[in-house]
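See structure below.
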Amino acid sequence: LLASAHPLPFSPRPAAKIKEKVARALAIQGKVDAWSAPPPPDFNLRAAQMLHRDAAKVGIQFPALEALGAEVEKAEAWELAANKVFRAPGRHGEVVALKREGDMLMVNFDDILGRLEEKVQKSEAWVKALRGKLGAGPDVGLVELMAVIRKGLSSGEATRRDLTDLIAQGMKNPTVVDEFLCLRAEYEAYKWSRKADEALSGGPAVSKLGEMLSHCGKIREPLPLTRADKEAWEIRGHEPVQALYDACQAWLGTYKE
């Protein structure tokens with residue numbers, strides 16, 4: 001449009017305004033084109049939002065306006081997700097993925113990224129301590145790890161005390177790691193099995209058996225395993241307790257009749 005006005009013997013009044021808009025658009029476009037990862041320290045979310053507002057005020061469509069809008073929207077959503085992690089521990093893998101995503105943003109979030117990295121490192125140090133205690137390297141999968149944990153819980157008071165100490169420490173982890181969920185489930189299963197032994201030898205009330213079986217399901221539910229592996233995971237004593245409960249229910253049904 002400006003080019004078509006150039007040959008005219010006079011300067012149309014709107015031409016100056018259009019020229020000003022184009023100059024502002026080109027200046028903003030130059031800033032956007034200069035973006036790189038990682039972004040400069042001063043290009044935080046507020047700076048990106050202000051630049052986007054300036055681009056919108058130009059009053060014409062140009063590539064930087066759309067690019068800025070998309071980047072600001074992505075950064076705002078990422079910041080919300082990160083703040084949610086700081087309010088309550090998130091799953092470790094999700095926090096790692098969140099940090100990785102933040103590293104790729106064109107907006108500077110160094111402070112938040114540093115805090116996320118600290119969370120990741122603390123939790124991974126706990127995982128390393130657990131696996132080191134059990135002699136299970138990072139290549140040992142969760143199902144196999146649970147078998148090692150179960151063996152450790154039954155091997156003696158010293159090992160059991162070390163593992164319960166790790167549970168106490170794991171409760172303070174800034175992220176929820178799969179290994180912690182497995183350790184806690186195996187410890188709860190260990191305690192449940194001991195109660196089952198007592199129940200089977202002492203003639204418990206039917207209601208007590210029902211409560212035990214209900215708790216058994218709650219132990220299994222948080223496991224970070226596939227559905228098939230969850231179903232295959234056994235809690236010692238579950239089958240005889242279930243059989244006794246079913247027999248009692250059957251007898252009660254016959255008695256009521």
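Letters for chains follow the order of the structure tokens (A, B, ...), residue numbers begin at 1 for each chain, and ligand numbers begin at 1 in the order shown.
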
For this session: Would you mind listing what lies within 9 Å of range 112-115 of chain A as an MDAnalysis selection string, with only C-alpha atoms counted and same-chain residues fewer than 3 positions away left out?
Result: chainID A and resid 79 82:83 86 99 102:103 109 118:120

For this session: Enumerate as a VMD selection string all residues of range 5-253 of chain A assigned to helix (DSSP H, G or I) by DSSP on the backbone, naming them with the chain letters and numbers the document uses.
Result: chain A and resid 5 13 to 33 45 to 57 63 to 87 92 to 103 110 to 134 142 to 153 157 to 170 178 to 202 206 to 220 227 to 232 238 to 253

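Those residues that approach Leu145 in chain A to within 12 Å, counting only C-alpha atoms, are Val127, Leu130, Arg131, Gly132, Lys133, Leu134, Gly135, Ala136, Gly137, Pro138, Asp139, Val140, Gly141, Ile149, Arg150, Lys151, Gly152, Asp178, Glu179, Phe180, Leu181, Cys182, Leu183, Ala185, Glu186 and Leu225 of chain A; same-chain residues fewer than 4 positions away are not listed.
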
Store the residues picked out above, limited to N, CA and C atoms, as a PDB file, in the first residue's frame.
```pdb
ATOM      1  N   VAL A 127      15.580 -41.920  45.595  1.00  0.00           N
ATOM      2  CA  VAL A 127      15.479 -43.153  44.797  1.00  0.00           C
ATOM      3  C   VAL A 127      16.819 -43.876  44.769  1.00  0.00           C
ATOM      4  N   LEU A 130      17.372 -45.636  48.094  1.00  0.00           N
ATOM      5  CA  LEU A 130      16.558 -46.848  48.211  1.00  0.00           C
ATOM      6  C   LEU A 130      17.134 -47.980  47.379  1.00  0.00           C
ATOM      7  N   ARG A 131      17.403 -47.695  46.129  1.00  0.00           N
ATOM      8  CA  ARG A 131      17.917 -48.745  45.249  1.00  0.00           C
ATOM      9  C   ARG A 131      19.295 -49.202  45.713  1.00  0.00           C
ATOM     10  N   GLY A 132      20.087 -48.271  46.227  1.00  0.00           N
ATOM     11  CA  GLY A 132      21.399 -48.643  46.739  1.00  0.00           C
ATOM     12  C   GLY A 132      21.289 -49.563  47.939  1.00  0.00           C
ATOM     13  N   LYS A 133      20.346 -49.275  48.822  1.00  0.00           N
ATOM     14  CA  LYS A 133      20.130 -50.111  50.003  1.00  0.00           C
ATOM     15  C   LYS A 133      19.731 -51.524  49.606  1.00  0.00           C
ATOM     16  N   LEU A 134      18.946 -51.635  48.553  1.00  0.00           N
ATOM     17  CA  LEU A 134      18.446 -52.939  48.120  1.00  0.00           C
ATOM     18  C   LEU A 134      19.357 -53.628  47.111  1.00  0.00           C
ATOM     19  N   GLY A 135      20.375 -52.910  46.633  1.00  0.00           N
ATOM     20  CA  GLY A 135      21.240 -53.481  45.607  1.00  0.00           C
ATOM     21  C   GLY A 135      20.524 -53.642  44.283  1.00  0.00           C
ATOM     22  N   ALA A 136      19.569 -52.740  44.016  1.00  0.00           N
ATOM     23  CA  ALA A 136      18.785 -52.797  42.784  1.00  0.00           C
ATOM     24  C   ALA A 136      19.099 -51.568  41.940  1.00  0.00           C
ATOM     25  N   GLY A 137      19.824 -51.753  40.869  1.00  0.00           N
ATOM     26  CA  GLY A 137      20.214 -50.638  40.008  1.00  0.00           C
ATOM     27  C   GLY A 137      19.034 -50.051  39.254  1.00  0.00           C
ATOM     28  N   PRO A 138      19.262 -48.974  38.500  1.00  0.00           N
ATOM     29  CA  PRO A 138      18.182 -48.308  37.768  1.00  0.00           C
ATOM     30  C   PRO A 138      17.552 -49.169  36.677  1.00  0.00           C
ATOM     31  N   ASP A 139      18.248 -50.246  36.293  1.00  0.00           N
ATOM     32  CA  ASP A 139      17.705 -51.133  35.265  1.00  0.00           C
ATOM     33  C   ASP A 139      16.691 -52.123  35.830  1.00  0.00           C
ATOM     34  N   VAL A 140      16.567 -52.190  37.148  1.00  0.00           N
ATOM     35  CA  VAL A 140      15.611 -53.102  37.775  1.00  0.00           C
ATOM     36  C   VAL A 140      14.222 -52.471  37.727  1.00  0.00           C
ATOM     37  N   GLY A 141      13.283 -53.147  37.067  1.00  0.00           N
ATOM     38  CA  GLY A 141      11.937 -52.619  36.923  1.00  0.00           C
ATOM     39  C   GLY A 141      11.159 -52.641  38.230  1.00  0.00           C
ATOM     40  N   ILE A 149      12.065 -55.641  47.585  1.00  0.00           N
ATOM     41  CA  ILE A 149      11.608 -54.958  48.809  1.00  0.00           C
ATOM     42  C   ILE A 149      10.950 -55.950  49.758  1.00  0.00           C
ATOM     43  N   ARG A 150      10.097 -56.804  49.200  1.00  0.00           N
ATOM     44  CA  ARG A 150       9.407 -57.789  50.037  1.00  0.00           C
ATOM     45  C   ARG A 150      10.405 -58.707  50.735  1.00  0.00           C
ATOM     46  N   LYS A 151      11.403 -59.114  49.996  1.00  0.00           N
ATOM     47  CA  LYS A 151      12.437 -59.977  50.577  1.00  0.00           C
ATOM     48  C   LYS A 151      13.176 -59.226  51.687  1.00  0.00           C
ATOM     49  N   GLY A 152      13.461 -57.939  51.453  1.00  0.00           N
ATOM     50  CA  GLY A 152      14.163 -57.138  52.456  1.00  0.00           C
ATOM     51  C   GLY A 152      13.359 -56.959  53.716  1.00  0.00           C
ATOM     52  N   ASP A 178       7.680 -43.285  41.779  1.00  0.00           N
ATOM     53  CA  ASP A 178       7.090 -44.616  41.695  1.00  0.00           C
ATOM     54  C   ASP A 178       7.688 -45.562  42.729  1.00  0.00           C
ATOM     55  N   GLU A 179       8.992 -45.442  42.940  1.00  0.00           N
ATOM     56  CA  GLU A 179       9.655 -46.334  43.896  1.00  0.00           C
ATOM     57  C   GLU A 179       9.098 -46.163  45.308  1.00  0.00           C
ATOM     58  N   PHE A 180       8.737 -44.931  45.663  1.00  0.00           N
ATOM     59  CA  PHE A 180       8.155 -44.706  46.988  1.00  0.00           C
ATOM     60  C   PHE A 180       6.799 -45.383  47.105  1.00  0.00           C
ATOM     61  N   LEU A 181       5.977 -45.264  46.072  1.00  0.00           N
ATOM     62  CA  LEU A 181       4.670 -45.908  46.096  1.00  0.00           C
ATOM     63  C   LEU A 181       4.803 -47.426  46.228  1.00  0.00           C
ATOM     64  N   CYS A 182       5.807 -47.981  45.558  1.00  0.00           N
ATOM     65  CA  CYS A 182       6.042 -49.426  45.639  1.00  0.00           C
ATOM     66  C   CYS A 182       6.513 -49.828  47.030  1.00  0.00           C
ATOM     67  N   LEU A 183       7.442 -49.059  47.596  1.00  0.00           N
ATOM     68  CA  LEU A 183       7.957 -49.354  48.935  1.00  0.00           C
ATOM     69  C   LEU A 183       6.832 -49.257  49.968  1.00  0.00           C
ATOM     70  N   ALA A 185       3.607 -49.560  49.522  1.00  0.00           N
ATOM     71  CA  ALA A 185       2.640 -50.643  49.321  1.00  0.00           C
ATOM     72  C   ALA A 185       3.160 -51.958  49.889  1.00  0.00           C
ATOM     73  N   GLU A 186       4.436 -52.244  49.646  1.00  0.00           N
ATOM     74  CA  GLU A 186       4.997 -53.492  50.165  1.00  0.00           C
ATOM     75  C   GLU A 186       5.047 -53.481  51.693  1.00  0.00           C
ATOM     76  N   LEU A 225       1.652 -49.437  38.520  1.00  0.00           N
ATOM     77  CA  LEU A 225       1.874 -50.580  37.646  1.00  0.00           C
ATOM     78  C   LEU A 225       0.768 -50.668  36.606  1.00  0.00           C
TER      79      LEU A 225
END
```

Exercise. Hey, what does DSSP flag as strand (DSSP E or B) within range 36-252 of chain A? Can you give it to me as number ranges by chain?
Worked result: A: 90-91, 175-176

For this session: Record the distance separating CA of Leu51 in chain A and CA of Val107 in chain A, expressed in Å with one decimal.
Result: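 So the two atoms, CA of Leu51 in chain A and CA of Val107 in chain A, lie 11.7 Å apart.
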
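Using only C-alpha atoms, the smallest distance between any of A:Ser154, A:Asn44, A:Thr175, A:Ser207 and Ser193 in chain A comes from A:Ser154.
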
For this session: For CA of Gly69 in chain A and CA of Val95 in chain A, determine how far apart the two atoms are, in Å to one decimal place.
Result: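 Value for the CA of Gly69 in chain A-CA of Val95 in chain A distance: 25.2 Å.
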
Problem set entry | Length of the CA of Ile235 in chain A to CA of Leu142 in chain A vector [Å] | 16.1 Å
